[in-house]
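Below: start-v9.txt (compact mmCIF, C-alpha atoms and all ligand atoms)
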```
# COMPACT_ATOMS: atom_id res chain seq x y z
CA MET A 265 12.05 -24.37 -72.65
CA LYS A 266 8.49 -23.12 -72.28
CA LYS A 267 8.03 -20.59 -69.47
CA THR A 268 5.45 -18.12 -68.25
CA VAL A 269 6.95 -14.75 -67.35
CA LEU A 270 4.80 -12.39 -65.33
CA VAL A 271 5.76 -8.77 -65.99
CA THR A 272 4.37 -6.10 -63.67
CA GLY A 273 4.22 -2.48 -64.86
CA GLY A 274 4.25 -3.59 -68.50
CA ALA A 275 1.99 -0.74 -69.59
CA GLY A 276 4.74 1.68 -68.54
CA PHE A 277 7.92 2.72 -70.31
CA ILE A 278 10.54 0.05 -69.55
CA GLY A 279 8.05 -2.74 -68.78
CA GLY A 280 6.35 -2.16 -72.16
CA ASN A 281 9.68 -2.33 -73.98
CA PHE A 282 10.51 -5.47 -72.00
CA VAL A 283 7.25 -7.16 -73.07
CA TYR A 284 8.18 -6.62 -76.74
CA TYR A 285 11.78 -7.65 -76.12
CA MET A 286 10.76 -10.94 -74.48
CA LEU A 287 8.07 -11.78 -77.07
CA GLY A 288 10.75 -11.34 -79.75
CA ALA A 289 13.66 -13.03 -77.96
CA HIS A 290 11.78 -16.08 -76.63
CA PRO A 291 9.23 -17.55 -79.05
CA ASP A 292 8.50 -20.28 -76.48
CA TYR A 293 7.62 -17.95 -73.58
CA ASP A 294 4.17 -16.74 -72.56
CA ILE A 295 4.09 -13.22 -71.15
CA VAL A 296 1.48 -12.07 -68.65
CA CYS A 297 1.41 -8.33 -67.95
CA VAL A 298 -0.05 -7.06 -64.68
CA ASP A 299 -0.60 -3.31 -64.49
CA SER A 300 -3.08 -1.13 -62.62
CA LEU A 301 -2.92 1.56 -65.34
CA THR A 302 -2.02 4.55 -63.20
CA TYR A 303 -1.47 7.89 -64.96
CA ALA A 304 1.83 6.37 -66.24
CA GLY A 305 0.32 3.20 -67.69
CA ASN A 306 -0.93 3.19 -71.28
CA LEU A 307 -2.74 0.30 -72.86
CA SER A 308 -1.93 1.78 -76.27
CA THR A 309 1.72 0.89 -75.55
CA LEU A 310 0.71 -2.80 -75.57
CA LYS A 311 -1.51 -2.63 -78.66
CA LYS A 312 0.76 -4.82 -80.81
CA ALA A 313 1.54 -7.23 -77.96
CA LYS A 314 -2.17 -7.87 -77.51
CA GLU A 315 -2.26 -9.34 -81.02
CA SER A 316 -0.01 -12.20 -79.85
CA ALA A 317 -1.56 -15.41 -78.53
CA ARG A 318 1.41 -15.63 -76.14
CA PHE A 319 0.46 -12.40 -74.37
CA ALA A 320 -2.16 -11.74 -71.70
CA PHE A 321 -3.02 -8.56 -69.85
CA GLU A 322 -4.48 -8.35 -66.34
CA LYS A 323 -5.49 -4.99 -64.88
CA ALA A 324 -4.55 -5.26 -61.22
CA ASP A 325 -2.82 -3.33 -58.46
CA ILE A 326 0.26 -5.08 -57.06
CA ARG A 327 -0.83 -3.97 -53.57
CA ASP A 328 -4.06 -5.95 -53.88
CA ARG A 329 -3.06 -9.30 -52.36
CA GLY A 330 -6.29 -11.18 -53.17
CA THR A 331 -6.27 -10.21 -56.85
CA ILE A 332 -2.53 -10.84 -57.22
CA ASN A 333 -2.86 -14.29 -55.65
CA GLY A 334 -5.73 -15.03 -58.05
CA ILE A 335 -3.50 -14.09 -61.01
CA PHE A 336 -0.70 -16.35 -59.73
CA GLU A 337 -3.22 -19.16 -59.26
CA LYS A 338 -4.46 -18.68 -62.83
CA TYR A 339 -1.10 -18.45 -64.66
CA ARG A 340 1.39 -20.14 -62.28
CA PRO A 341 4.29 -17.97 -63.53
CA ASN A 342 7.78 -19.46 -63.53
CA VAL A 343 9.40 -16.04 -63.40
CA VAL A 344 8.21 -12.67 -62.07
CA VAL A 345 9.83 -9.39 -63.16
CA ASN A 346 8.70 -6.39 -61.14
CA PHE A 347 8.74 -3.08 -63.03
CA ALA A 348 5.53 -1.74 -61.43
CA ALA A 349 6.35 1.37 -59.48
CA GLU A 350 5.72 5.02 -59.00
CA SER A 351 8.78 6.29 -60.86
CA HIS A 352 8.95 10.08 -61.01
CA VAL A 353 11.18 11.87 -58.48
CA ASP A 354 9.31 15.21 -58.74
CA ARG A 355 5.99 13.54 -57.95
CA SER A 356 7.59 11.74 -54.97
CA ILE A 357 8.66 15.10 -53.55
CA LYS A 358 5.07 16.42 -53.76
CA ASN A 359 3.30 13.22 -52.63
CA PRO A 360 5.53 10.48 -51.17
CA GLU A 361 2.88 8.14 -49.75
CA VAL A 362 1.87 6.25 -52.89
CA PHE A 363 5.58 5.63 -53.56
CA LEU A 364 5.87 3.81 -50.25
CA THR A 365 2.75 1.69 -50.69
CA THR A 366 3.33 0.68 -54.32
CA ASN A 367 7.11 0.44 -54.37
CA ILE A 368 7.59 -1.30 -51.02
CA LEU A 369 4.34 -3.02 -50.00
CA GLY A 370 3.50 -3.96 -53.60
CA THR A 371 6.88 -5.67 -53.87
CA GLN A 372 6.13 -7.60 -50.68
CA VAL A 373 2.78 -8.83 -52.04
CA LEU A 374 4.49 -10.11 -55.20
CA MET A 375 7.24 -11.89 -53.26
CA ASP A 376 4.71 -13.53 -50.96
CA ALA A 377 2.84 -14.78 -54.02
CA CYS A 378 6.11 -16.10 -55.54
CA ILE A 379 6.66 -18.14 -52.38
CA ALA A 380 3.04 -19.31 -52.10
CA TYR A 381 2.81 -20.40 -55.76
CA GLY A 382 6.38 -21.68 -56.14
CA ALA A 383 7.76 -19.26 -58.76
CA GLU A 384 11.36 -20.10 -59.67
CA ARG A 385 12.61 -16.53 -59.72
CA PHE A 386 11.63 -13.04 -58.58
CA HIS A 387 13.49 -10.23 -60.30
CA GLN A 388 13.32 -6.72 -58.87
CA VAL A 389 13.93 -3.88 -61.31
CA SER A 390 15.72 -1.28 -59.23
CA THR A 391 17.66 1.89 -59.95
CA ASP A 392 21.10 3.44 -59.50
CA GLU A 393 19.32 6.17 -57.52
CA VAL A 394 19.39 3.92 -54.43
CA TYR A 395 23.11 4.78 -54.12
CA GLY A 396 22.46 8.53 -53.76
CA ASP A 397 24.73 10.72 -55.85
CA LEU A 398 28.40 11.27 -56.72
CA PRO A 399 30.32 14.56 -56.73
CA LEU A 400 30.61 16.40 -60.06
CA ASP A 401 34.37 16.87 -59.63
CA ARG A 402 35.26 13.19 -59.12
CA PRO A 403 34.94 11.56 -62.56
CA ASP A 404 36.95 8.63 -61.17
CA MET A 405 34.09 7.62 -58.83
CA PHE A 406 31.35 5.14 -59.88
CA PHE A 407 28.55 3.17 -58.20
CA THR A 408 29.46 -0.48 -57.72
CA GLU A 409 27.20 -3.16 -56.22
CA LYS A 410 29.10 -2.61 -52.93
CA THR A 411 28.37 1.13 -52.75
CA PRO A 412 26.24 1.74 -49.62
CA LEU A 413 22.58 2.62 -50.16
CA LYS A 414 22.09 6.34 -49.51
CA ALA A 415 18.89 7.42 -51.21
CA SER A 416 18.10 11.14 -51.58
CA SER A 417 14.44 11.37 -52.67
CA PRO A 418 11.29 9.66 -51.40
CA TYR A 419 11.28 7.78 -54.74
CA SER A 420 14.81 6.44 -54.34
CA ALA A 421 14.27 5.73 -50.63
CA SER A 422 11.23 3.61 -51.53
CA LYS A 423 13.24 1.70 -54.15
CA ALA A 424 16.13 1.18 -51.68
CA SER A 425 13.63 -0.08 -49.08
CA ALA A 426 12.24 -2.57 -51.58
CA ASP A 427 15.76 -3.76 -52.40
CA LEU A 428 16.43 -4.40 -48.70
CA LEU A 429 13.16 -6.30 -48.42
CA VAL A 430 14.02 -8.45 -51.45
CA MET A 431 17.36 -9.38 -49.86
CA ALA A 432 15.61 -10.09 -46.54
CA TYR A 433 13.12 -12.41 -48.29
CA HIS A 434 16.00 -14.15 -50.04
CA ARG A 435 17.84 -14.78 -46.77
CA THR A 436 14.88 -15.48 -44.48
CA TYR A 437 12.51 -17.42 -46.74
CA GLY A 438 14.97 -18.65 -49.36
CA LEU A 439 13.23 -16.68 -52.13
CA ASN A 440 15.14 -17.10 -55.38
CA ALA A 441 15.71 -13.44 -56.18
CA THR A 442 17.88 -11.10 -58.22
CA ILE A 443 18.04 -7.30 -58.41
CA SER A 444 19.20 -5.05 -61.25
CA ARG A 445 20.11 -1.40 -60.61
CA CYS A 446 20.09 0.50 -63.86
CA SER A 447 20.97 4.07 -64.79
CA ASN A 448 18.58 6.49 -66.57
CA ASN A 449 16.79 4.88 -69.52
CA TYR A 450 15.63 6.57 -72.71
CA GLY A 451 13.70 5.26 -75.70
CA PRO A 452 10.16 4.84 -77.10
CA TYR A 453 7.06 4.95 -74.85
CA GLN A 454 8.63 7.03 -72.05
CA PHE A 455 6.00 9.10 -70.26
CA PRO A 456 6.22 12.82 -71.23
CA GLU A 457 6.98 13.94 -67.65
CA LYS A 458 10.60 12.71 -67.98
CA LEU A 459 13.46 14.89 -69.26
CA ILE A 460 13.91 13.73 -72.88
CA PRO A 461 10.26 13.46 -74.02
CA LEU A 462 9.32 16.61 -72.08
CA MET A 463 11.99 18.67 -73.82
CA PHE A 464 11.17 17.16 -77.23
CA ILE A 465 7.46 17.97 -76.88
CA ASN A 466 8.02 21.48 -75.51
CA ALA A 467 10.64 22.26 -78.18
CA GLY A 468 8.25 21.18 -80.92
CA GLU A 469 5.50 23.39 -79.50
CA GLY A 470 7.81 26.39 -79.00
CA LYS A 471 7.28 26.26 -75.23
CA PRO A 472 9.95 27.09 -72.59
CA LEU A 473 12.41 24.28 -71.84
CA PRO A 474 12.58 24.17 -68.02
CA VAL A 475 16.11 23.16 -66.98
CA TYR A 476 16.51 22.69 -63.22
CA GLY A 477 19.29 24.70 -61.54
CA LYS A 478 22.17 25.31 -63.92
CA GLY A 479 21.64 22.13 -65.95
CA GLU A 480 24.97 20.77 -64.73
CA ASN A 481 23.58 17.61 -63.09
CA VAL A 482 24.87 14.48 -64.76
CA ARG A 483 22.90 11.34 -65.64
CA ASP A 484 24.26 8.10 -67.12
CA TRP A 485 21.93 7.29 -70.07
CA LEU A 486 21.19 3.81 -71.38
CA TYR A 487 18.98 2.90 -74.34
CA VAL A 488 15.98 0.97 -73.00
CA GLU A 489 16.57 -2.10 -75.19
CA ASP A 490 20.03 -2.55 -73.66
CA HIS A 491 18.40 -2.56 -70.21
CA CYS A 492 15.87 -5.19 -71.36
CA ALA A 493 18.71 -7.37 -72.70
CA ALA A 494 20.51 -7.09 -69.36
CA ILE A 495 17.42 -8.22 -67.42
CA ASP A 496 16.88 -11.13 -69.80
CA LEU A 497 20.50 -12.24 -69.24
CA ILE A 498 20.08 -11.97 -65.47
CA LEU A 499 16.94 -14.13 -65.67
CA GLU A 500 18.84 -16.72 -67.71
CA ASN A 501 22.22 -16.78 -65.99
CA GLY A 502 22.18 -14.42 -63.00
CA LYS A 503 23.04 -15.88 -59.61
CA ASN A 504 20.37 -16.26 -56.96
CA GLY A 505 20.67 -13.50 -54.33
CA GLU A 506 22.88 -11.22 -56.45
CA VAL A 507 22.64 -7.56 -57.42
CA TYR A 508 23.75 -6.41 -60.89
CA ASN A 509 24.46 -2.79 -61.82
CA VAL A 510 23.48 -1.92 -65.40
CA GLY A 511 24.87 1.11 -67.24
CA GLY A 512 26.83 2.02 -70.34
CA HIS A 513 29.30 4.71 -69.18
CA ASN A 514 27.37 7.38 -71.00
CA GLU A 515 27.36 10.41 -68.73
CA MET A 516 25.74 13.59 -69.97
CA ARG A 517 24.92 16.95 -68.39
CA ASN A 518 21.22 17.81 -68.61
CA ILE A 519 21.92 21.06 -70.44
CA ASP A 520 23.85 19.20 -73.14
CA ILE A 521 20.93 16.83 -73.72
CA VAL A 522 18.51 19.76 -73.99
CA ARG A 523 20.83 21.45 -76.52
CA LEU A 524 20.92 18.23 -78.61
CA ILE A 525 17.11 18.16 -78.58
CA CYS A 526 17.03 21.80 -79.75
CA LYS A 527 19.37 20.86 -82.59
CA TYR A 528 17.22 17.86 -83.59
CA THR A 529 13.93 19.79 -83.52
CA GLY A 530 15.34 23.03 -84.92
CA ALA A 531 14.09 24.88 -81.83
CA SER A 532 15.96 27.98 -80.68
CA GLU A 533 18.12 27.62 -77.56
CA THR A 534 16.54 30.85 -76.37
CA LEU A 535 13.63 28.62 -75.26
CA ILE A 536 15.89 27.18 -72.54
CA LYS A 537 14.83 28.52 -69.16
CA PHE A 538 16.85 27.83 -66.01
CA VAL A 539 14.28 27.29 -63.26
CA THR A 540 14.24 26.65 -59.50
CA ASP A 541 16.19 23.50 -58.75
CA ARG A 542 14.58 20.22 -57.69
CA LYS A 543 14.71 19.78 -53.90
CA GLY A 544 17.61 17.49 -52.89
CA HIS A 545 18.61 17.20 -56.57
CA ASP A 546 21.18 14.41 -57.05
CA LEU A 547 24.31 15.79 -58.73
CA ARG A 548 25.71 12.87 -60.66
CA TYR A 549 24.88 9.20 -61.31
CA ALA A 550 27.50 6.93 -62.85
CA ILE A 551 27.37 3.14 -62.93
CA ASP A 552 30.27 0.73 -62.90
CA PRO A 553 28.86 -2.17 -64.99
CA GLU A 554 31.93 -4.44 -64.70
CA LYS A 555 30.16 -7.22 -62.78
CA ILE A 556 27.41 -7.86 -65.35
CA LYS A 557 29.95 -7.57 -68.17
CA ARG A 558 32.38 -10.00 -66.55
CA GLU A 559 29.89 -12.54 -65.16
CA LEU A 560 27.12 -12.47 -67.77
CA GLY A 561 28.85 -11.08 -70.85
CA TRP A 562 26.45 -8.11 -71.17
CA THR A 563 27.49 -5.06 -73.17
CA PRO A 564 25.36 -2.14 -74.29
CA ARG A 565 24.83 -2.12 -78.06
CA THR A 566 23.32 1.30 -78.72
CA LYS A 567 25.54 4.38 -78.95
CA PHE A 568 23.95 7.49 -77.43
CA ALA A 569 23.84 9.47 -80.70
CA ASP A 570 22.04 6.59 -82.46
CA GLY A 571 19.72 5.86 -79.52
CA LEU A 572 18.75 9.51 -79.12
CA LYS A 573 17.99 9.82 -82.84
CA LYS A 574 15.92 6.61 -82.76
CA THR A 575 14.04 7.89 -79.70
CA LEU A 576 13.29 11.34 -81.09
CA ASP A 577 12.34 9.86 -84.48
CA TRP A 578 9.92 7.60 -82.61
CA TYR A 579 8.30 10.54 -80.80
CA ARG A 580 8.04 12.40 -84.12
CA GLU A 581 6.42 9.42 -85.83
CA ASN A 582 4.12 8.50 -82.93
CA GLU A 583 2.52 11.82 -82.10
CA SER A 584 -0.84 10.20 -81.45
CA TRP A 585 0.68 8.12 -78.59
CA TRP A 586 1.92 11.15 -76.65
CA LYS A 587 -0.70 13.68 -77.80
CA GLU A 588 -3.40 11.60 -76.16
CA ILE A 589 -1.43 11.79 -72.89
CA VAL A 590 -0.53 15.46 -72.89
CA SER A 591 -4.08 16.52 -73.78
CA GLY A 592 -5.60 14.94 -70.65
CA GLU A 593 -4.85 15.01 -66.91
CA TYR A 594 -1.19 15.70 -67.74
CA LYS A 595 -2.13 19.36 -68.38
CA ASN A 596 -3.04 19.78 -64.69
CA TYR A 597 0.18 18.06 -63.64
CA TYR A 598 2.24 20.35 -65.85
CA ALA A 599 0.48 23.49 -64.60
CA LYS A 600 0.98 22.44 -60.97
CA MET A 601 4.62 21.39 -61.40
CA TYR A 602 5.84 24.11 -63.75
CA GLY A 603 3.20 26.86 -63.52
CA ASP A 604 5.23 29.10 -61.23
CA LYS A 605 8.56 28.16 -62.85
CA VAL A 606 8.15 29.01 -66.52
P1 LIG B 701 6.71 4.13 -65.58
O1 LIG B 701 6.27 5.13 -64.57
O2 LIG B 701 6.80 4.52 -67.01
O3 LIG B 701 5.76 2.82 -65.50
C1 LIG B 701 5.33 2.28 -64.29
C2 LIG B 701 4.19 1.32 -64.60
O4 LIG B 701 3.79 0.70 -63.35
C3 LIG B 701 2.94 2.00 -65.17
O5 LIG B 701 2.42 1.25 -66.25
C4 LIG B 701 1.95 1.99 -64.01
O6 LIG B 701 0.59 1.92 -64.42
C5 LIG B 701 2.37 0.74 -63.26
N1 LIG B 701 2.02 0.78 -61.83
C6 LIG B 701 2.25 1.78 -60.95
N2 LIG B 701 1.75 1.47 -59.74
C7 LIG B 701 1.19 0.24 -59.85
C8 LIG B 701 0.55 -0.62 -58.95
N3 LIG B 701 0.34 -0.27 -57.67
N4 LIG B 701 0.12 -1.83 -59.40
C9 LIG B 701 0.30 -2.20 -60.70
N5 LIG B 701 0.91 -1.41 -61.59
C10 LIG B 701 1.36 -0.21 -61.18
O7 LIG B 701 8.12 3.61 -65.04
P2 LIG B 701 9.43 3.15 -65.83
O8 LIG B 701 10.25 4.35 -66.12
O9 LIG B 701 9.05 2.25 -66.92
O10 LIG B 701 10.17 2.33 -64.69
C11 LIG B 701 9.90 0.95 -64.50
C12 LIG B 701 10.76 0.42 -63.37
O11 LIG B 701 12.14 0.63 -63.67
C13 LIG B 701 10.50 1.13 -62.03
O12 LIG B 701 10.53 0.16 -61.02
C14 LIG B 701 11.69 2.09 -61.90
O13 LIG B 701 11.99 2.29 -60.54
C15 LIG B 701 12.77 1.33 -62.61
N6 LIG B 701 13.83 2.14 -63.24
C16 LIG B 701 13.50 3.15 -64.09
C17 LIG B 701 14.52 3.87 -64.73
C18 LIG B 701 14.19 4.97 -65.72
O14 LIG B 701 15.11 5.64 -66.21
N7 LIG B 701 12.95 5.19 -66.08
C19 LIG B 701 15.86 3.57 -64.49
C20 LIG B 701 16.15 2.50 -63.60
C21 LIG B 701 15.13 1.80 -63.00
P1 LIG B 702 14.16 12.72 -64.92
O1 LIG B 702 13.90 12.41 -66.33
O2 LIG B 702 13.04 13.16 -64.04
O3 LIG B 702 14.93 11.45 -64.29
P2 LIG B 702 15.69 11.29 -62.85
O4 LIG B 702 15.24 12.35 -61.94
O5 LIG B 702 15.24 9.94 -62.43
O6 LIG B 702 17.16 11.36 -63.17
O7 LIG B 702 15.26 13.87 -64.87
C1 LIG B 702 16.54 13.73 -65.46
C2 LIG B 702 17.35 14.96 -65.11
O8 LIG B 702 16.77 16.09 -65.77
C3 LIG B 702 17.36 15.29 -63.63
O9 LIG B 702 18.66 15.78 -63.27
C4 LIG B 702 16.33 16.40 -63.49
C5 LIG B 702 16.41 17.12 -64.82
N1 LIG B 702 15.15 17.72 -65.29
C6 LIG B 702 15.11 19.07 -65.66
O10 LIG B 702 16.13 19.79 -65.61
N2 LIG B 702 13.92 19.60 -66.08
C7 LIG B 702 12.77 18.86 -66.14
O11 LIG B 702 11.70 19.42 -66.52
C8 LIG B 702 12.83 17.46 -65.79
C9 LIG B 702 11.60 16.60 -65.86
C10 LIG B 702 14.04 16.94 -65.37
```
Output the file's structure as structure tokens, nothing else.
Ligand code: NAD
Ligand code: TYD
Amino acid sequence: MKKTVLVTGGAGFIGGNFVYYMLGAHPDYDIVCVDSLTYAGNLSTLKKAKESARFAFEKADIRDRGTINGIFEKYRPNVVVNFAAESHVDRSIKNPEVFLTTNILGTQVLMDACIAYGAERFHQVSTDEVYGDLPLDRPDMFFTEKTPLKASSPYSASKASADLLVMAYHRTYGLNATISRCSNNYGPYQFPEKLIPLMFINAGEGKPLPVYGKGENVRDWLYVEDHCAAIDLILENGKNGEVYNVGGHNEMRNIDIVRLICKYTGASETLIKFVTDRKGHDLRYAIDPEKIKRELGWTPRTKFADGLKKTLDWYRENESWWKEIVSGEYKNYYAKMYGDKV
């Protein structure tokens, strides 16, 4: 059936991958991407999508109610998927305010527009970070959808706040809404500030590889396409008002990922530099994905070794995509964030 899906944050990492996933998976859908193109948004990510007659791009800030309403009026989306967010924990520690306005108030503006223009579904792309962290010495413990919210960083607190607001809109106004809480994603088009691309780029340039603390923190990595498939399934068959955890039981210590990147690039492990830890650094994330497997039949398809190779191959083959980023404002960010560490 023909549908118009409005994707916010589609010039970013996961949203961009989702645009391509949906254009490929649903030849009868139109996709409208709304993105304000912050430092993390790249129009070059959407270059191929823009060639499709089923794709439209609107530069707009999700906090700007008038403009957002105008976009809803113009396209009348059936479904809205909200990826737009400030997404980097380290930035949220230095400057929390924009995380609160975009991640919470921006979500409110979108939900109000869904109600005003009669969208059938609002889907909020959330994160496992809303659950806080798990101890390193309890491998038997996982986040389920019933785990209490206990965010650690301003970033995760803003995402948890948005989740609460989505549930409040569902109950109070009858908004048809779903939430997915996914573990760490990796894949093409991820902004170079995040662990995997940062280490790949630094390793290639022979620069220090700044590992926070002892590198023992654990993240549960999922290939981005598997996340996109999970969201698509939730849009198709997910139950109104439900939360779905998304993760592939792929826990890795940061130091082990950095060592794999050294191996891939041929960089010496002597580049690894243990630096001052992130404030409030979450120890371990680990998702229990049983609900989405049982109810929607989702399973991750990409094994970590294959996904990491595909990702690093992509960064090697698409130097121009990331070189344009790291040669600009990113230099100031890096100097400010890492200058006194490495
Ligand atoms: P990203 O930082 O790569 O992209 C965010 C995009 O949102 C950018 O294109 C940016 O321009 C846009 N944006 C930011 N503020 C905006 C605003 N006010 N109005 C309109 N557009 C705005 O982020 P990502 O890693 O792709 O994450 C996307 C979503 O997935 C986020 O909501 C994040 O919380 C969630 N998530 C991310 C991960 C992960 O591992 N990256 C894991 C789970 C959930
Ligand atoms: P990141 O990619 O920022 O994702 P998140 O904080 O959402 O998990 O970081 C992943 C892990 O890597 C996290 O434990 C912090 C660590 N890390 C480093 O050790 N060094 C770095 O330079 C970065 C960016 C992250």
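Around ligand LIG 702 (chain B), using all atoms listed in the file and a cut-off of 7 Å, the residues in contact are His352, Val353, Asp354, Asn448, Glu457, Lys458, Leu459, Ile460, Leu462, Pro474, Val475, Tyr476, Gly479, Asn481, Val482, Arg483, Asn518, His545 and Asp546 of chain A.
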### Task
Select the residues contacting ligand LIG 701 (chain B) at a distance of at most 6 Å, based on only C-alpha atoms and all ligand atoms, then format the selection as a ChimeraX atom specification.
/A:273-279,299-302,304-305,324-327,347-351,366,389-391,446-449,454-455
#### Entry: Expected residue set, 7 Å radius at (9.6, -12.0, -55.5), all atoms listed in the file, as a ChimeraX atom specification
/A:344,374-376,378,385-387,430,439,441
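Using all atoms listed in the file, the shortest contact distance between Glu409 in chain A and any of A:Lys595, A:Lys478, A:His434, A:Arg445 is found at A:Arg445.
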#### Entry: Point-to-point distance from CA of Gly288 in chain A to CA of Phe319 in chain A, Å rounded to tenths
11.7 Å
### Query
Quick one: residues within 9 Å of Arg548 in chain A, only C-alpha atoms counted, chain neighbours fewer than 4 positions away excluded, as an MDAnalysis selection string?
chainID A and resid 396:400 480:484 515 517
Go ahead and write the selection's residues with C-alpha atoms as a CSV table (one decimal), in the coordinates of the input.
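Everything below was put into again-v7.csv:
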```csv
chain,number,residue,atom,x,y,z
A,396,GLY,CA,22.5,8.5,-53.8
A,397,ASP,CA,24.7,10.7,-55.8
A,398,LEU,CA,28.4,11.3,-56.7
A,399,PRO,CA,30.3,14.6,-56.7
A,400,LEU,CA,30.6,16.4,-60.1
A,480,GLU,CA,25.0,20.8,-64.7
A,481,ASN,CA,23.6,17.6,-63.1
A,482,VAL,CA,24.9,14.5,-64.8
A,483,ARG,CA,22.9,11.3,-65.6
A,484,ASP,CA,24.3,8.1,-67.1
A,515,GLU,CA,27.4,10.4,-68.7
A,517,ARG,CA,24.9,17.0,-68.4
```
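Of the listed residues A:Lys312, A:Lys555, A:Arg355, A:Lys471, the one whose atoms come nearest to Thr534 in chain A is A:Lys471, with distances taken using only C-alpha atoms.
Using only C-alpha atoms for every distance, the candidate list A:Ala432, A:Tyr381, A:Tyr284, A:Ser591 yields A:Tyr284 as the residue closest to Lys311 in chain A.
Counting all atoms listed in the file, the residue from A:Thr365, A:Phe464, A:Cys492, A:Lys574 that sits nearest to Ala289 in chain A is A:Cys492.
Take the candidates A:His513, A:Lys323, A:Arg340, A:Arg580 and check each one against Ala380 in chain A using all atoms listed in the file; the shortest distance goes to A:Arg340.
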### Query
Which of these, A:Asn582, A:Thr529, A:Asn501, A:Thr331, has the shortest distance to Leu560 in chain A once you count only C-alpha atoms?
A:Asn501
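Here CA of Asp577 in chain A is placed at a distance of 26.4 Å from CA of Tyr549 in chain A.
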